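Structure first, commentary second.
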Amino acid sequence: MKIIFSALILAILIGSCSTFKAVPTPPAEFRGVWIATVANIDWPKNGSDNLEKKKKDYLALLDYYQAHNFNAVIVQLRTAGDALYPTKLAPWSTYLTGQQGTSLKETVDIVPFLIKEAHARGMEFHAWLNPYRATMTLDTLQLSTTHDFYQHKDWMIPYGTKYYYDPGNPEVQAHLAEIMQEVVQKYNIDALHFDDYFYPYTIKDQIFADSTSYANYNPKKLPLDDWRRSNVDSLIKNVYTTIKNTKPWVQFGISPFGVWKNDTTDPKGSATKAGQTTYHDLYANPLLWMEKGWIDYLVPQIYWSMDFAPASHKILADWWSTNAFDSRIYIGNGPYKIKNNADIAWGNPLELPTQLNYARSANNISGNVFFSAKSLLAHEEIANTIKRKLYKHKAYTPSLSPLYDAPLPQNITVTQLEKNDENYIFNIKSEQKQRSVLIYKKEPTEPKRLLGKRYLSKDGILRLPIKLTKNRKKLVLVFESKYGQHSLPIAIKLN
């Protein structure tokens, strides 16, 4: 009887999908997914896999999310003092090569491939780097001799089961800024991204042993908590400045823990009862970063259900919407909890769609990011509901802040060069170099007319897939600058 009853409830819940009413699709909406490489969570499936399998598995993820009308991937390139790319600043990641410090035998650098294939599908590529986590365990025998643990032991602080870079050490701050600059300079990324790991989450009865740095590098004699926050603030400001001095169009995004402060400690905080907060435990103050203009977008990780009493998703989405300043706010969602959490709300197939719908209806929230890539793959029925009800129509990613001073695309000429079996090929000329182009069926007056997005090659060539045109002889193009600003629509004929 219990089994029959459970099946009946599930059938009712699934049936209710047909009555789910979605907020209309906005023209611009960030639809991102984190591709976690740490512990081979999402990709590669195994560091010892050969290069072709790694590429095949990555393309399968891209194809899946492209088919579900996502428009951005956030790919982890630094997990714990390592790198998924060749650099003198860190050893090769074991999650990519099978052994830390050992390079791939088949290629010297897979990152250009990762970026190129994301762009080929009209998806932004955000490079996700973890700054402070130095190791995943206290067992250092598996580390390469080139790891900072061996090169700079004075930078390391053991805490819990890991080693961390000392955020209060000026040499560490300079080192991390150099790492970020190298990635921005070297690769054609759309954004640099940090997650929620700043100072480590608090462990009861353990002390983060940074007293030496506190004594040596605290000229203003700040209290310990304020000093720690000032160290994180300095890194954020320095990285932002480094990015903008290198490639000002590259965005800087951060995904903090979802609760800034509880209102029991500060009336400005959220009506929550979180056991830890980003301000008090991780010593991170994203409100300051937004107020100062040190970041372009923020993705608070609100991995709880809509009405979860200690930390309601609804309450927190409202709180971040109210405290957005001039930064873009995207909500971080946790589909990894679907049917895998003590909170029974995650057994409802409409929980995640409801969260997305709520974000879409809120002021100052411009999209969502899912942790992690494999999660929706395991719940195809929910992924299909999201596509059918919420992501039926494509959307382009939001631009940088409208306050950002950048020229609008103008004086653009489009000349068809040729047509082959797969593509129409166009030459694009303009006063400023354009990044990408949005392809519409007709004048872009509503989202359902958007067919897709294509990135332009370095020489200004647009390859427009014939299958994307669906045999149309006329289309409308809208060009995007590196900053995301849009040109006026340009009608073209296909010969």
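Every chain in the structure tokens takes a letter, A first, then B, and so on in the order presented; its residues are numbered from 1, and the ligands are numbered from 1 following the presented order.
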Practice prompt. Write out as an MDAnalysis selection string which residues come within 7 Å of Ala80 of chain A when counting only C-alpha atoms, dropping same-chain ones fewer than 3 positions away.
Written response: chainID A and resid 130 133:136
Response to the item:
Among A:Pro200, A:Gly460, A:Gly98, A:Pro353, Asn50 of chain A is approached most closely, using only C-alpha atoms, by A:Gly98
Per residue of segment 84-157 of chain A within 9 Å of segment 183-193 of chain A, record the nearest atom pair and its distance in Å to one decimal, counting only C-alpha atoms, with rows in chain order and ascending residue number, as a tab-separated table.
residue	atom	partner	partner_atom	distance
A:Val111	CA	A:Tyr187	CA	7.9
A:Pro112	CA	A:Tyr187	CA	7.0
A:Ile115	CA	A:Ile189	CA	7.0
A:Lys116	CA	A:Asn188	CA	8.7
A:Glu124	CA	A:Asp190	CA	6.0
A:Phe125	CA	A:Asp190	CA	5.5
A:His126	CA	A:Ala191	CA	4.5
A:Ala127	CA	A:Leu192	CA	4.9
A:Trp128	CA	A:His193	CA	4.5
A:Leu129	CA	A:His193	CA	6.2
A:Asn130	CA	A:His193	CA	8.4
Practice prompt. From the DSSP assignment of the backbone, select every residue of segment 355-462 of chain A that is helix (DSSP H, G or I), and format the answer as a PyMOL selection string.
Written response: chain A and resi 355-361+373-377+380-389+447-449
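Here atom CA of Trp346 of chain A and atom CA of Leu390 of chain A stand 18.7 Å from one another.
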Discussion item. Based on the backbone DSSP call, show me all residues of segment 105-341 of chain A assigned strand (DSSP E or B), as a PyMOL selection string.
Written reply: chain A and resi 124-129+133+156-159+162-165+191-194+251-254+257+262+270+297-298+301+328-333
Residues within 9 Å of Lys482 of chain A, only C-alpha atoms, excluding chain neighbours under 6 positions, as a CSV table (one decimal) with C-alpha atoms, in the first residue's frame:
chain,number,residue,atom,x,y,z
A,190,ASP,CA,34.8,35.4,-21.6
A,249,TRP,CA,36.1,43.1,-21.6
A,250,VAL,CA,36.8,39.9,-19.7
A,399,SER,CA,26.2,42.3,-21.2
A,433,LYS,CA,36.2,44.2,-33.8
A,434,GLN,CA,33.1,42.3,-33.0
A,435,ARG,CA,33.1,39.1,-30.8
A,436,SER,CA,30.0,37.3,-31.9
Discussion item. Could you list, as a ChimeraX atom specification, every residue within 7 Å of Pro256 of chain A, counting only C-alpha atoms and ignoring same-chain residues fewer than 2 positions away?
Written reply: /A:195-196,254,258,278,299-301
Worksheet, complete the sentence: Across A:Phe325, A:Tyr424, A:Phe149, A:Tyr132, the smallest distance to Arg463 of chain A, with only C-alpha atoms counted, is shown by A:Tyr424
Worksheet item: Using only C-alpha atoms, which residue out of A:Tyr336, A:Tyr199, A:Phe70, A:Trp155 lies closest to Ser213 of chain A?
Response: A:Trp155
Which residues of segment 35-94 of chain A sit at most 12 Å from segment 139-142 of chain A, using only C-alpha atoms? Give each one's shortest atom pair and distance in Å (one decimal place), in chain and ascending residue order, as a tab-separated table.
residue	atom	partner	partner_atom	distance
A:Pro91	CA	A:Gln142	CA	11.8
A:Ser93	CA	A:Gln142	CA	11.3
A:Thr94	CA	A:Gln142	CA	9.3
Kindly save the residues from that selection, with N, CA and C atoms included, as a PDB file, in the first residue's frame.
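Listed below is the output, out_25.pdb:
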ATOM      1  N   PRO A  91      51.838  22.901 -10.894  1.00  0.00           N
ATOM      2  CA  PRO A  91      51.995  21.617 -11.584  1.00  0.00           C
ATOM      3  C   PRO A  91      50.707  21.211 -12.300  1.00  0.00           C
ATOM      4  N   SER A  93      47.478  19.204 -13.105  1.00  0.00           N
ATOM      5  CA  SER A  93      46.506  18.611 -12.195  1.00  0.00           C
ATOM      6  C   SER A  93      46.396  17.107 -12.401  1.00  0.00           C
ATOM      7  N   THR A  94      46.364  16.384 -11.297  1.00  0.00           N
ATOM      8  CA  THR A  94      46.178  14.935 -11.377  1.00  0.00           C
ATOM      9  C   THR A  94      44.832  14.586 -11.982  1.00  0.00           C
TER      10      THR A  94
END
If we count only C-alpha atoms, what is near Glu106 of chain A at a cut-off of 12 Å, once residues fewer than 4 positions away on the same chain are taken out, given as a compact mmCIF listing (two decimals) with C-alpha atoms, in the first residue's frame?
# COMPACT_ATOMS: atom_id res chain seq x y z
CA SER A 48 44.21 8.46 -16.96
CA ASP A 49 41.76 8.45 -19.88
CA ASN A 50 43.38 9.07 -23.26
CA LEU A 51 43.03 12.44 -24.93
CA GLU A 52 40.37 11.36 -27.40
CA LYS A 53 38.12 10.05 -24.63
CA LYS A 54 38.59 13.26 -22.66
CA LYS A 55 37.59 15.29 -25.70
CA THR A 97 46.75 13.81 -16.33
CA THR A 102 52.95 14.86 -15.29
CA ILE A 110 43.77 21.22 -23.94
Discussion item. From the options A:Asn411, A:Thr37, A:Ser144, A:Thr137, which residue's atoms come nearest to Lys162 of chain A, counting only C-alpha atoms?
Written reply: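 Checking each candidate against Lys162 of chain A, we get A:Thr137 as the closest.
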